[in-house]
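Engineer: Below is the file protein.txt, with compact mmCIF, C-alpha atoms.
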# COMPACT_ATOMS: atom_id res chain seq x y z
CA MET Q 1476 -27.22 -0.96 12.58
CA THR Q 1477 -26.22 0.05 9.08
CA THR Q 1478 -23.17 2.07 8.15
CA ALA Q 1479 -23.30 4.40 5.16
CA ILE Q 1480 -20.12 4.41 3.07
CA ILE Q 1481 -19.89 7.65 1.15
CA ASP Q 1482 -19.06 6.84 -2.47
CA THR Q 1483 -17.40 9.85 -4.04
CA SER Q 1484 -16.40 7.90 -7.17
CA THR Q 1485 -12.95 9.37 -6.69
CA ALA Q 1486 -11.87 6.80 -4.14
CA ASN Q 1487 -11.20 3.12 -4.03
CA ILE Q 1488 -13.90 2.07 -1.59
CA ALA Q 1489 -13.68 -1.67 -2.25
CA SER Q 1490 -11.27 -2.33 0.60
CA VAL Q 1491 -13.51 -0.53 3.13
CA ARG Q 1492 -16.55 -2.47 1.91
CA TYR Q 1493 -14.77 -5.79 2.14
CA ALA Q 1494 -13.48 -4.97 5.64
CA LEU Q 1495 -17.07 -4.38 6.84
CA GLU Q 1496 -18.11 -7.64 5.17
CA ARG Q 1497 -15.36 -9.52 7.01
CA LEU Q 1498 -16.72 -8.04 10.27
CA GLY Q 1499 -20.26 -9.03 9.39
CA ALA Q 1500 -21.38 -5.38 9.55
CA ARG Q 1501 -24.24 -4.12 7.39
CA TYR Q 1502 -23.44 -1.21 5.10
CA ARG Q 1503 -24.86 0.75 2.22
CA LEU Q 1504 -22.96 2.58 -0.53
CA THR Q 1505 -24.36 6.09 -0.69
CA GLU Q 1506 -23.64 8.63 -3.39
CA THR Q 1507 -25.99 11.24 -1.86
CA PRO Q 1508 -27.11 12.08 1.70
CA GLU Q 1509 -30.67 11.01 0.84
CA GLU Q 1510 -29.49 7.45 0.27
CA ALA Q 1511 -28.03 7.39 3.80
CA GLN Q 1512 -31.16 8.48 5.65
CA GLU Q 1513 -31.77 5.09 7.23
CA CYS Q 1514 -28.15 4.53 8.23
CA ASP Q 1515 -27.04 5.25 11.76
CA ARG Q 1516 -23.38 5.98 11.15
CA ILE Q 1517 -21.22 7.15 8.27
CA ILE Q 1518 -17.77 6.31 6.89
CA LEU Q 1519 -16.03 8.80 4.61
CA PRO Q 1520 -13.26 6.88 2.79
CA GLY Q 1521 -10.68 8.59 0.71
CA VAL Q 1522 -7.77 7.97 -1.57
CA GLY Q 1523 -6.41 10.61 -3.91
CA ALA Q 1524 -6.17 14.37 -3.61
CA ALA Q 1525 -8.18 16.72 -1.40
CA GLY Q 1526 -9.34 19.13 -4.12
CA PRO Q 1527 -11.20 16.68 -6.40
CA ALA Q 1528 -12.69 14.83 -3.42
CA MET Q 1529 -13.99 18.08 -1.90
CA LYS Q 1530 -15.54 19.16 -5.22
CA ARG Q 1531 -17.34 15.84 -5.40
CA LEU Q 1532 -18.66 16.15 -1.81
CA ILE Q 1533 -20.02 19.61 -2.63
CA ALA Q 1534 -21.61 18.45 -5.91
CA THR Q 1535 -23.41 15.53 -4.26
CA GLY Q 1536 -24.70 17.58 -1.32
CA TRP Q 1537 -22.58 15.62 1.16
CA ALA Q 1538 -20.47 18.61 2.21
CA GLN Q 1539 -23.50 20.61 3.34
CA ALA Q 1540 -25.16 17.55 4.92
CA LEU Q 1541 -22.11 16.46 6.91
CA ARG Q 1542 -21.77 19.92 8.45
CA LYS Q 1543 -25.24 19.48 10.04
CA ASP Q 1544 -25.25 15.71 10.63
CA GLN Q 1545 -25.09 14.42 14.20
CA ARG Q 1546 -24.51 10.71 13.45
CA PRO Q 1547 -21.12 9.14 14.27
CA LEU Q 1548 -18.77 9.89 11.36
CA LEU Q 1549 -15.44 8.21 10.62
CA GLY Q 1550 -13.11 9.65 7.99
CA VAL Q 1551 -10.39 7.32 6.72
CA CYS Q 1552 -7.02 8.56 5.37
CA LEU Q 1553 -7.91 11.44 3.02
CA GLY Q 1554 -11.39 11.14 4.50
CA MET Q 1555 -9.93 12.16 7.85
CA GLN Q 1556 -8.08 15.09 6.31
CA LEU Q 1557 -11.29 16.31 4.65
CA LEU Q 1558 -12.77 16.81 8.15
CA TYR Q 1559 -10.34 19.67 8.81
CA ASP Q 1560 -10.58 23.34 7.74
CA TYR Q 1561 -7.96 23.59 5.03
CA SER Q 1562 -5.42 21.49 3.09
CA ALA Q 1563 -2.10 22.67 1.73
CA GLU Q 1564 -2.27 19.75 -0.73
CA SER Q 1565 -4.85 21.33 -3.01
CA ASP Q 1566 -4.93 24.79 -1.39
CA CYS Q 1567 -8.62 24.28 -0.67
CA GLU Q 1568 -11.25 24.78 2.01
CA MET Q 1569 -12.61 21.52 3.41
CA LEU Q 1570 -15.46 20.40 5.68
CA GLY Q 1571 -14.34 22.35 8.75
CA LEU Q 1572 -15.71 19.79 11.23
CA ILE Q 1573 -12.39 19.68 13.11
CA PRO Q 1574 -10.39 22.91 13.53
CA GLY Q 1575 -6.95 22.90 11.96
CA ARG Q 1576 -4.92 22.66 8.78
CA ILE Q 1577 -3.48 19.77 6.78
CA GLU Q 1578 0.18 20.38 5.96
CA ARG Q 1579 2.82 18.69 3.80
CA LEU Q 1580 4.77 16.11 5.81
CA ASP Q 1581 8.53 16.46 6.14
CA PRO Q 1582 9.91 13.06 7.23
CA GLY Q 1583 13.44 14.44 7.74
CA ALA Q 1584 15.85 11.67 8.65
CA ASP Q 1585 13.05 9.20 9.49
CA GLY Q 1586 12.75 8.03 5.89
CA PRO Q 1587 11.37 8.74 2.44
CA TRP Q 1588 8.27 10.79 1.57
CA PRO Q 1589 5.43 9.80 1.51
CA HIS Q 1590 4.87 8.05 4.83
CA MET Q 1591 4.12 4.52 3.66
CA GLY Q 1592 4.03 1.43 5.84
CA TRP Q 1593 3.28 0.16 9.33
CA ASN Q 1594 3.79 2.60 12.19
CA THR Q 1595 2.86 2.59 15.87
CA LEU Q 1596 -0.17 4.12 17.56
CA THR Q 1597 0.39 6.18 20.71
CA PRO Q 1598 -2.83 7.01 22.58
CA VAL Q 1599 -3.16 10.71 23.47
CA LYS Q 1600 -6.69 10.65 24.89
CA SER Q 1601 -7.20 7.71 27.24
CA ASP Q 1602 -10.95 7.60 26.66
CA GLU Q 1603 -10.90 7.36 22.84
CA PRO Q 1604 -13.61 4.78 22.06
CA LEU Q 1605 -12.01 3.70 18.77
CA LEU Q 1606 -9.00 2.45 20.77
CA GLU Q 1607 -10.93 0.15 23.08
CA GLY Q 1608 -9.05 -3.16 23.16
CA VAL Q 1609 -6.12 -1.75 21.15
CA PRO Q 1610 -2.76 -1.94 22.96
CA ALA Q 1611 -0.48 1.12 22.93
CA GLY Q 1612 2.24 0.70 20.32
CA ALA Q 1613 0.13 -1.46 17.99
CA HIS Q 1614 1.10 -1.09 14.32
CA VAL Q 1615 -1.32 0.24 11.71
CA TYR Q 1616 -0.85 0.87 7.99
CA PHE Q 1617 -0.26 4.45 6.80
CA VAL Q 1618 -0.05 5.82 3.25
CA HIS Q 1619 0.01 9.63 3.09
CA GLY Q 1620 2.15 12.61 2.17
CA PHE Q 1621 0.16 15.31 3.99
CA TYR Q 1622 -0.80 15.26 7.66
CA ALA Q 1623 -2.64 16.88 10.54
CA PRO Q 1624 -0.17 18.21 13.12
CA ILE Q 1625 -0.78 17.22 16.75
CA GLY Q 1626 -3.53 19.44 18.15
CA ALA Q 1627 -6.35 19.71 20.65
CA HIS Q 1628 -8.34 17.07 18.75
CA THR Q 1629 -5.57 14.47 18.44
CA ALA Q 1630 -6.77 11.26 20.11
CA ALA Q 1631 -3.79 9.14 19.04
CA SER Q 1632 -0.51 9.96 17.35
CA THR Q 1633 2.35 8.44 15.45
CA GLN Q 1634 5.85 9.69 14.70
CA TYR Q 1635 7.50 10.11 11.27
CA GLY Q 1636 9.76 13.14 11.06
CA THR Q 1637 7.29 14.90 13.32
CA GLY Q 1638 4.25 14.11 15.46
CA ILE Q 1639 1.30 13.11 13.28
CA THR Q 1640 -2.38 12.91 14.22
CA ALA Q 1641 -3.23 9.24 13.71
CA ILE Q 1642 -6.74 9.43 15.19
CA ALA Q 1643 -8.65 12.71 15.39
CA ARG Q 1644 -11.85 13.29 17.28
CA LYS Q 1645 -14.23 16.16 17.97
CA GLY Q 1646 -17.49 14.90 19.46
CA HIS Q 1647 -19.25 12.55 17.06
CA VAL Q 1648 -16.70 13.27 14.30
CA ALA Q 1649 -13.60 11.03 14.17
CA GLY Q 1650 -10.93 10.17 11.67
CA CYS Q 1651 -8.09 7.69 11.11
CA GLN Q 1652 -5.09 8.82 9.09
CA PHE Q 1653 -4.11 5.17 8.63
CA HIS Q 1654 -6.15 2.52 6.82
CA PRO Q 1655 -7.96 0.39 9.43
CA GLU Q 1656 -9.29 -1.79 6.59
CA ARG Q 1657 -5.67 -2.73 5.76
CA SER Q 1658 -4.29 -2.84 9.31
CA ALA Q 1659 -4.81 -6.53 10.14
CA LYS Q 1660 -6.23 -7.35 13.59
CA THR Q 1661 -5.65 -3.88 15.04
CA GLY Q 1662 -7.54 -2.26 12.20
CA ALA Q 1663 -10.37 -4.77 12.48
CA GLN Q 1664 -10.70 -3.93 16.18
CA ILE Q 1665 -10.88 -0.20 15.44
CA LEU Q 1666 -13.51 -0.69 12.72
CA THR Q 1667 -15.48 -2.98 15.02
CA ASN Q 1668 -15.38 -0.30 17.71
CA PHE Q 1669 -16.85 2.14 15.20
CA VAL Q 1670 -19.53 0.05 13.52
CA LYS Q 1671 -20.71 -1.87 16.58
CA GLY Q 1672 -19.92 0.45 19.44
CA ALA Q 1673 -21.17 3.85 20.47
CA ALA Q 1674 -18.08 5.58 19.06
CA MET F 347 8.89 4.20 14.29
CA LEU F 348 8.08 2.99 10.82
CA ALA F 349 8.53 -0.77 10.60
CA ARG F 350 10.57 -2.48 7.88
CA ARG F 351 8.24 -4.52 5.70
CA ILE F 352 8.37 -8.26 4.97
CA ILE F 353 6.68 -8.85 1.62
CA PRO F 354 5.97 -12.30 0.19
CA CYS F 355 5.70 -12.16 -3.59
CA LEU F 356 3.26 -14.48 -5.27
CA ASP F 357 4.04 -15.10 -8.92
CA VAL F 358 0.73 -15.91 -10.55
CA ARG F 359 0.28 -17.92 -13.73
CA ASP F 360 -3.07 -19.24 -14.94
CA GLY F 361 -4.64 -18.56 -11.56
CA ARG F 362 -2.02 -20.47 -9.56
CA VAL F 363 0.99 -19.33 -7.58
CA VAL F 364 4.24 -20.54 -9.16
CA LYS F 365 7.95 -20.07 -8.53
CA GLY F 366 10.87 -20.54 -10.86
CA VAL F 367 14.60 -20.14 -10.68
CA ARG F 368 15.99 -17.22 -12.67
CA PHE F 369 12.58 -16.81 -14.28
CA GLN F 370 12.45 -20.37 -15.63
CA ASN F 371 11.26 -23.87 -14.65
CA HIS F 372 8.14 -22.72 -12.83
CA GLU F 373 6.58 -25.07 -10.33
CA ASP F 374 3.11 -24.86 -8.79
CA VAL F 375 3.18 -23.78 -5.14
CA GLY F 376 -0.52 -23.23 -4.38
CA GLY F 377 -3.79 -21.34 -4.85
CA ILE F 378 -3.92 -17.54 -4.70
CA GLU F 379 -6.40 -16.99 -1.87
CA GLU F 380 -5.08 -19.80 0.34
CA LEU F 381 -1.52 -18.50 0.16
CA ALA F 382 -2.62 -14.87 0.55
CA GLN F 383 -4.59 -15.65 3.70
CA ARG F 384 -1.86 -17.85 5.08
CA TYR F 385 0.75 -15.11 4.71
CA ALA F 386 -1.56 -12.43 6.11
CA HIS F 387 -2.24 -14.58 9.18
CA GLU F 388 1.45 -15.32 9.63
CA GLY F 389 2.29 -11.61 9.80
CA ALA F 390 3.27 -10.58 6.28
CA ASP F 391 3.19 -6.78 6.09
CA GLU F 392 2.12 -6.63 2.47
CA LEU F 393 1.74 -8.95 -0.52
CA VAL F 394 2.71 -8.56 -4.17
CA PHE F 395 0.90 -10.51 -6.87
CA TYR F 396 2.86 -10.63 -10.07
CA ASP F 397 1.23 -12.15 -13.14
CA ILE F 398 4.32 -13.46 -14.85
CA SER F 399 2.51 -14.62 -17.94
CA ALA F 400 0.77 -11.30 -18.49
CA SER F 401 3.49 -9.14 -19.94
CA PRO F 402 5.08 -11.43 -22.57
CA ALA F 403 1.82 -12.78 -23.92
CA GLY F 404 0.29 -9.30 -24.04
CA ARG F 405 -2.45 -10.49 -21.72
CA THR F 406 -3.67 -8.59 -18.69
CA VAL F 407 -4.38 -9.66 -15.15
CA GLU F 408 -8.01 -10.65 -14.70
CA PRO F 409 -9.34 -8.15 -12.14
CA GLU F 410 -11.76 -10.82 -10.89
CA TRP F 411 -9.12 -12.46 -8.68
CA VAL F 412 -8.04 -9.04 -7.43
CA GLY F 413 -11.44 -8.65 -5.80
CA ARG F 414 -11.24 -12.12 -4.29
CA VAL F 415 -7.89 -11.27 -2.73
CA ALA F 416 -9.18 -7.91 -1.45
CA LYS F 417 -12.08 -9.70 0.27
CA ALA F 418 -9.85 -12.38 1.75
CA ILE F 419 -7.07 -10.36 3.40
CA ASP F 420 -6.76 -7.33 5.70
CA ILE F 421 -3.25 -6.21 4.77
CA PRO F 422 -2.21 -4.10 1.76
CA PHE F 423 -1.41 -5.71 -1.56
CA CYS F 424 0.03 -4.70 -4.89
CA VAL F 425 -0.82 -6.13 -8.31
CA ALA F 426 1.78 -6.30 -11.07
CA GLY F 427 1.94 -7.70 -14.57
CA GLY F 428 0.48 -6.58 -17.85
CA ILE F 429 -0.79 -3.18 -16.71
CA ARG F 430 -0.43 -1.00 -19.81
CA SER F 431 -3.06 1.71 -19.47
CA LEU F 432 -4.94 3.87 -16.98
CA GLU F 433 -7.95 1.60 -17.49
CA HIS F 434 -5.95 -1.49 -16.54
CA ALA F 435 -4.71 0.29 -13.42
CA ARG F 436 -8.13 1.64 -12.48
CA ALA F 437 -9.76 -1.80 -12.76
CA ARG F 438 -7.26 -3.24 -10.29
CA LEU F 439 -7.33 -0.32 -7.84
CA PHE F 440 -11.12 -0.15 -7.81
CA GLY F 441 -11.15 -3.94 -7.47
CA GLY F 442 -9.45 -3.44 -4.12
CA ALA F 443 -5.70 -3.46 -4.82
CA ASP F 444 -3.82 -0.85 -2.81
CA LYS F 445 -1.11 -0.35 -5.42
CA ILE F 446 -0.32 -1.30 -8.96
CA SER F 447 3.18 -1.99 -10.21
CA ILE F 448 4.44 -1.48 -13.75
CA ASN F 449 7.71 -2.69 -15.19
CA THR F 450 8.08 -3.35 -18.94
CA PRO F 451 5.25 -0.94 -19.93
CA ALA F 452 7.02 1.83 -18.00
CA LEU F 453 10.21 1.23 -20.00
CA GLU F 454 8.27 1.22 -23.27
CA ASN F 455 6.10 4.21 -22.40
CA PRO F 456 7.52 6.24 -19.49
CA ASP F 457 4.67 8.78 -19.78
CA LEU F 458 2.42 6.07 -18.33
CA ILE F 459 4.05 6.68 -14.93
CA ASP F 460 3.17 10.40 -15.03
CA ALA F 461 -0.38 9.65 -16.11
CA MET F 462 -0.95 7.07 -13.37
CA ALA F 463 0.55 9.27 -10.66
CA LYS F 464 -1.65 12.18 -11.73
CA GLU F 465 -4.79 10.06 -11.92
CA PHE F 466 -4.41 7.87 -8.82
CA GLY F 467 -1.68 9.51 -6.73
CA SER F 468 1.96 8.51 -6.39
CA GLN F 469 1.19 6.43 -3.30
CA CYS F 470 -0.31 3.65 -5.40
CA VAL F 471 2.12 3.74 -8.33
CA VAL F 472 5.00 1.29 -7.94
CA VAL F 473 7.68 0.86 -10.58
CA GLY F 474 9.33 -2.54 -10.71
CA ILE F 475 12.81 -2.77 -12.17
CA ASP F 476 14.59 -5.96 -13.24
CA SER F 477 18.29 -5.23 -13.17
CA ARG F 478 21.61 -7.00 -13.58
CA VAL F 479 25.19 -6.20 -14.53
CA ILE F 480 25.80 -5.85 -18.27
CA ASP F 481 28.95 -4.29 -19.71
CA GLY F 482 30.07 -3.21 -16.25
CA ASP F 483 26.89 -1.34 -15.31
CA TRP F 484 23.57 -2.17 -13.68
CA ARG F 485 21.02 -2.10 -16.49
CA CYS F 486 17.29 -2.73 -16.86
CA HIS F 487 15.76 -5.77 -18.50
CA LYS F 488 12.24 -6.19 -19.79
CA ASN F 489 9.81 -9.00 -20.63
CA THR F 490 11.34 -11.13 -17.94
CA GLY F 491 8.34 -13.45 -17.65
CA ASP F 492 9.32 -15.36 -20.80
CA PRO F 493 12.97 -16.26 -21.42
CA SER F 494 12.47 -16.44 -25.19
CA ARG F 495 11.42 -12.80 -25.23
CA THR F 496 13.74 -11.34 -22.62
CA SER F 497 15.56 -8.44 -24.17
CA THR F 498 18.16 -6.07 -22.85
CA GLU F 499 16.98 -2.53 -22.38
CA HIS F 500 20.06 -0.39 -22.31
CA ARG F 501 18.90 2.08 -19.73
CA LYS F 502 21.16 2.28 -16.71
CA THR F 503 19.28 1.20 -13.60
CA LEU F 504 20.26 4.14 -11.38
CA ASP F 505 19.35 6.67 -14.09
CA TRP F 506 16.01 4.95 -14.54
CA ILE F 507 15.29 5.08 -10.79
CA ARG F 508 15.87 8.85 -10.81
CA GLU F 509 13.65 9.29 -13.86
CA VAL F 510 10.69 7.26 -12.59
CA ILE F 511 10.71 9.15 -9.29
CA ASP F 512 10.71 12.46 -11.21
CA ARG F 513 7.73 11.15 -13.14
CA GLY F 514 5.79 10.37 -9.97
CA ALA F 515 6.56 6.79 -8.92
CA GLY F 516 5.78 6.37 -5.22
CA GLU F 517 7.80 3.23 -4.61
CA ILE F 518 10.53 1.20 -6.32
CA VAL F 519 10.88 -2.58 -6.30
CA LEU F 520 14.40 -3.41 -7.43
CA ASN F 521 14.68 -7.02 -8.50
CA CYS F 522 18.32 -8.00 -8.77
CA MET F 523 18.11 -10.70 -11.41
CA ASP F 524 21.47 -12.35 -10.81
CA GLN F 525 20.22 -13.23 -7.32
CA ASP F 526 16.65 -14.23 -8.18
CA GLY F 527 15.61 -17.59 -6.80
CA VAL F 528 19.10 -18.76 -5.85
CA ARG F 529 18.83 -17.82 -2.14
CA GLU F 530 22.37 -16.57 -1.69
CA GLY F 531 21.42 -13.18 -0.30
CA TYR F 532 20.18 -9.85 -1.60
CA ASP F 533 22.45 -7.77 -3.86
CA ILE F 534 23.52 -5.40 -1.08
CA GLU F 535 25.92 -3.43 -3.28
CA GLN F 536 23.34 -2.67 -5.95
CA LEU F 537 20.56 -1.96 -3.45
CA ALA F 538 22.76 0.39 -1.43
CA ALA F 539 23.63 2.26 -4.62
CA ALA F 540 19.93 2.43 -5.48
CA ARG F 541 19.13 3.72 -1.98
CA GLU F 542 21.51 6.64 -2.56
CA VAL F 543 19.42 7.87 -5.49
CA CYS F 544 15.99 6.68 -4.34
CA SER F 545 13.97 9.26 -2.39
CA VAL F 546 10.81 7.11 -2.22
CA PRO F 547 10.35 3.73 -0.47
CA LEU F 548 12.71 1.08 -1.87
CA ILE F 549 11.90 -2.63 -1.80
CA ALA F 550 14.64 -5.24 -2.23
CA SER F 551 13.89 -8.29 -4.36
CA GLY F 552 15.88 -11.35 -5.38
CA GLY F 553 18.14 -13.63 -3.39
CA ALA F 554 16.58 -14.17 0.05
CA GLY F 555 17.60 -17.56 1.41
CA ALA F 556 18.23 -17.12 5.12
CA MET F 557 17.09 -14.84 7.95
CA GLU F 558 20.50 -13.14 7.98
CA HIS F 559 19.88 -11.95 4.42
CA PHE F 560 16.88 -9.90 5.58
CA ARG F 561 18.80 -8.37 8.46
CA ASP F 562 21.72 -7.50 6.19
CA VAL F 563 19.62 -5.84 3.50
CA PHE F 564 17.77 -3.71 6.09
CA GLN F 565 20.90 -2.75 8.00
CA GLN F 566 23.38 -2.42 5.12
CA ALA F 567 21.24 -1.20 2.21
CA ASP F 568 18.63 0.65 4.33
CA VAL F 569 15.72 -0.61 2.22
CA ASP F 570 12.15 -0.08 3.43
CA GLY F 571 10.97 -3.59 2.63
CA ALA F 572 12.28 -6.97 1.57
CA LEU F 573 10.42 -9.10 -0.91
CA ALA F 574 10.85 -12.85 -1.16
CA ALA F 575 9.05 -15.82 -2.63
CA SER F 576 10.61 -19.26 -2.58
CA VAL F 577 11.84 -19.16 1.03
CA PHE F 578 8.25 -18.54 2.13
CA HIS F 579 6.48 -20.80 -0.37
CA LYS F 580 8.78 -23.71 0.42
CA ALA F 581 8.68 -23.04 4.18
CA VAL F 582 12.45 -22.55 4.36
CA ILE F 583 11.68 -19.55 6.58
CA ALA F 584 8.50 -19.07 8.63
CA ILE F 585 7.41 -15.43 8.76
CA PRO F 586 6.69 -15.37 12.54
CA ASP F 587 10.19 -16.77 13.24
CA LEU F 588 11.78 -14.30 10.84
CA LYS F 589 10.02 -11.30 12.37
CA ALA F 590 10.80 -12.32 15.94
CA TRP F 591 14.46 -12.85 15.04
CA LEU F 592 14.76 -9.53 13.16
CA SER F 593 13.21 -7.74 16.12
CA ASP F 594 15.81 -9.33 18.43
CA GLU F 595 18.51 -8.22 15.99
CA GLY F 596 17.39 -4.61 16.43
CA VAL F 597 15.41 -4.22 13.20
CA GLU F 598 12.19 -2.23 13.66
CA ILE F 599 9.48 -4.70 12.76
CA ARG F 600 5.74 -5.26 13.26
CA VAL F 601 5.40 -8.36 15.44
Please re-express this file's structure in structure tokens.

Structural biologist:
Amino acid sequence: MTTAIIDTSTANIASVRYALERLGARYRLTETPEEAQECDRIILPGVGAAGPAMKRLIATGWAQALRKDQRPLLGVCLGMQLLYDYSAESDCEMLGLIPGRIERLDPGADGPWPHMGWNTLTPVKSDEPLLEGVPAGAHVYFVHGFYAPIGAHTAASTQYGTGITAIARKGHVAGCQFHPERSAKTGAQILTNFVKGAA
Amino acid sequence: MLARRIIPCLDVRDGRVVKGVRFQNHEDVGGIEELAQRYAHEGADELVFYDISASPAGRTVEPEWVGRVAKAIDIPFCVAGGIRSLEHARARLFGGADKISINTPALENPDLIDAMAKEFGSQCVVVGIDSRVIDGDWRCHKNTGDPSRTSTEHRKTLDWIREVIDRGAGEIVLNCMDQDGVREGYDIEQLAAAREVCSVPLIASGGAGAMEHFRDVFQQADVDGALAASVFHKAVIAIPDLKAWLSDEGVEIRV
């Protein structure tokens, strides 16, 4: 089993790579879909802004390929947001693999913007395979200023000013708003569930 | 609920972790990866690596050890010291650091904050501020890694906090110099005043000596995280004990 990590050159992918190495999982860095042909699952990492990342996915052919691909796909942080239809961050169309919009987060009295730090996971769908072995209320590490509101495809949530989609899923397409690669044991369990399981 | 963060700070000099009192008399406290892994396993929420020799000598952090740390630990970490350009910042972020922190270079060239926030996003741009009372006001210092070169920068600390946030800083680490290394408690008054003007996450630094100090700074100054070094390096406080106690005291914490 080999996981393709999509390298958009706009994101820091080192921490995702090292996390897979710590788990003993095979991976390949792939700039184009052709380089990922022999991989059986795909991680879309992401740090930065939606607009530049989306441009890069279109330029490399990944945007078109991901819309047809049937392999398990995991978007991380911005990579999760890119799975949705539209982002208010860069006023841009995105991959459209999960219906919905990414909006600017308003933390209100819960604290400063952006949402940065360890927050709790609340399961919404009891059968979410990424959450196997993860206790409700476990802390994971978030860093984001825009968010996916709770919707039909929210598999787990967290709370910061409002309800936030922490894990999204539609069929073979899933995403984590937090950084599993920086979320200690809980994050390692979630990544293990993805790279070794049927998730 | 968002947990308050406990953040060990590892002052790095010549590839070793050191700790001094009021920025002087540094003593060796261990190797970088061993301490990083130890703190991650004990439940630290984040780590800060500060190359204290970098800024005064005009040297930069070697990104090579940044990659070693990124491979070794599964919690976020920030790299500080000697980052003077976008290239310096990029090397560390692409090496696996989650954030970079700038202090003296931000005072000398505030536009660097704007440029870094635009290039990498505010979420990974931390501004560190060394502050103490001078002439009746909290003011910024720079070049604090080398006492012979420490100079007073006459900016008022609270004005500087407002400015760096306007420029795109995503987090502030306020190091209250009068408290640094003496373990008599965080500077609650200064940190509470900073909190009033700080709309991004605020991290307290300087003065931790007992578990009560952490509780007090979270409850009285409402900071998002508390940074400490000597109490952890010298095993005065064990992180698991601290987190369990804070949780019992009603502080939201990741245990």

Engineer: How close does chain Q get to chain F? List, as a tab-separated table, each residue of chain Q within 7 Å, its nearest atom pair and the distance in Å to one decimal, counting only C-alpha atoms.

Structural biologist:
residue	atom	partner	partner_atom	distance
Q:Asn1487	CA	F:Phe440	CA	5.0
Q:Ala1489	CA	F:Gly442	CA	5.0
Q:Ser1490	CA	F:Gly442	CA	5.2
Q:Tyr1493	CA	F:Lys417	CA	5.1
Q:Gly1523	CA	F:Gly467	CA	5.6
Q:Pro1587	CA	F:Val546	CA	5.0
Q:Trp1588	CA	F:Val546	CA	5.9
Q:Gly1592	CA	F:Leu348	CA	6.6
Q:Trp1593	CA	F:Ala349	CA	5.5
Q:Asn1594	CA	F:Leu348	CA	4.5
Q:Thr1595	CA	F:Met347	CA	6.4
Q:His1614	CA	F:Arg600	CA	6.3
Q:Val1618	CA	F:Gln469	CA	6.7
Q:Gln1634	CA	F:Met347	CA	6.3
Q:Tyr1635	CA	F:Met347	CA	6.8
Q:Glu1656	CA	F:Asp420	CA	6.2
Q:Arg1657	CA	F:Ile421	CA	4.4
Q:Ser1658	CA	F:Ile421	CA	5.7
Q:Ala1659	CA	F:Asp420	CA	4.9

Engineer: Please return, as a list in words, all polymer residues that have at least one atom within 8 Å of the point (21.3, -1.5, -9.8); use only C-alpha atoms and the file's own coordinate frame.

Structural biologist: Ser477, Arg478, Val479, Asp483, Trp484, Arg485, Lys502, Thr503, Leu504, Leu520, Cys522, Gln536, Leu537, Ala539 and Ala540 of chain F

Engineer: Go through Q:Glu1603, Q:Glu1568, Q:Glu1510, Q:Glu1578 one by one, measure the shortest atom-to-atom distance of each to Lys1645 in chain Q using all atoms listed in the file, and give the residue with the smallest value.

Structural biologist: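 For Lys1645 in chain Q, the nearest of the candidates is Q:Glu1603.
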
Engineer: In Å, how far is it from CA of Ala554 in chain F to CA of Gly514 in chain F?

Structural biologist: 28.6 Å

Engineer: If you measure from CA of Met557 in chain F to CA of Ser593 in chain F, what distance in Å do you get, rounded to one decimal?

Structural biologist: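 According to the coordinates, CA of Met557 in chain F and CA of Ser593 in chain F are separated by 11.5 Å.
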
Engineer: Just the residues within 12 Å of His579 in chain F, please, counting only C-alpha atoms, with nothing from its chain fewer than 3 positions along; format it as a ChimeraX atom specification.

Structural biologist: /F:354-357,363-366,373-378,380-382,384-385,527,555,574-576,582-585

Engineer: Tell me which protein, DNA and RNA residues are within 10 Å of Glu535 in chain F, counting only C-alpha atoms, leaving out same-chain ones fewer than 3 positions away, and put them as a list in words.

Structural biologist: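 Selected residues are Tyr532, Ala538, Ala539, Ala540, Arg541, Val563, Gln566 and Ala567 of chain F.
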
Engineer: Using only C-alpha atoms, find the one residue out of Q:Val1551, Q:Met1569, Q:Ala1630, Q:Ala1611 that sits nearest to Trp1537 in chain Q.

Structural biologist: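 Checking each candidate against Trp1537 in chain Q, we get Q:Met1569 as the closest.
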
Engineer: Rounded to one decimal, what separation in Å do you get between CA of Phe1669 in chain Q and CA of Glu1607 in chain Q?

Structural biologist: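 Value for the CA of Phe1669 in chain Q-CA of Glu1607 in chain Q distance: 10.1 Å.
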
Engineer: Using all atoms listed in the file for the distances, tell me which of Q:Ala1524, Q:Ala1584, Q:Ala1649, Q:Cys1514 is nearest to Asp1566 in chain Q.

Structural biologist: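 The shortest atom-to-atom distance to Asp1566 in chain Q comes from Q:Ala1524.
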
Engineer: Step by step, gather every atom of range 577-588 of chain F that the file lists, find the box along x, y and z that holds them, add 6 Å on each side, and finally give centre and edge lengths in Å to one decimal, as JSON.

Structural biologist:
{"center_x": 9.5, "center_y": -19.0, "center_z": 6.4, "size_x": 18.0, "size_y": 21.4, "size_z": 25.6}

Engineer: If we count all atoms listed in the file, what is near Val358 in chain F at a cut-off of 8 Å, once residues fewer than 6 positions away on the same chain are taken out, given as JSON, numbers by chain?

Structural biologist: {"F": [364, 378, 395, 396, 397, 398, 399]}

Engineer: Write out as a PyMOL selection string which residues come within 10 Å of Leu1572 in chain Q when counting all atoms listed in the file, dropping same-chain ones fewer than 5 positions away.

Structural biologist: chain Q and resi 1541-1543+1557-1560+1644-1649

Engineer: Which one of Q:Met1529, Q:Met1591, Q:Cys1552, Q:Ala1494 sits closest to Ala1641 in chain Q if you count only C-alpha atoms?

Structural biologist: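 Checking each of Q:Met1529, Q:Met1591, Q:Cys1552, Q:Ala1494 against Ala1641 in chain Q, counting only C-alpha atoms, the winner is Q:Cys1552.
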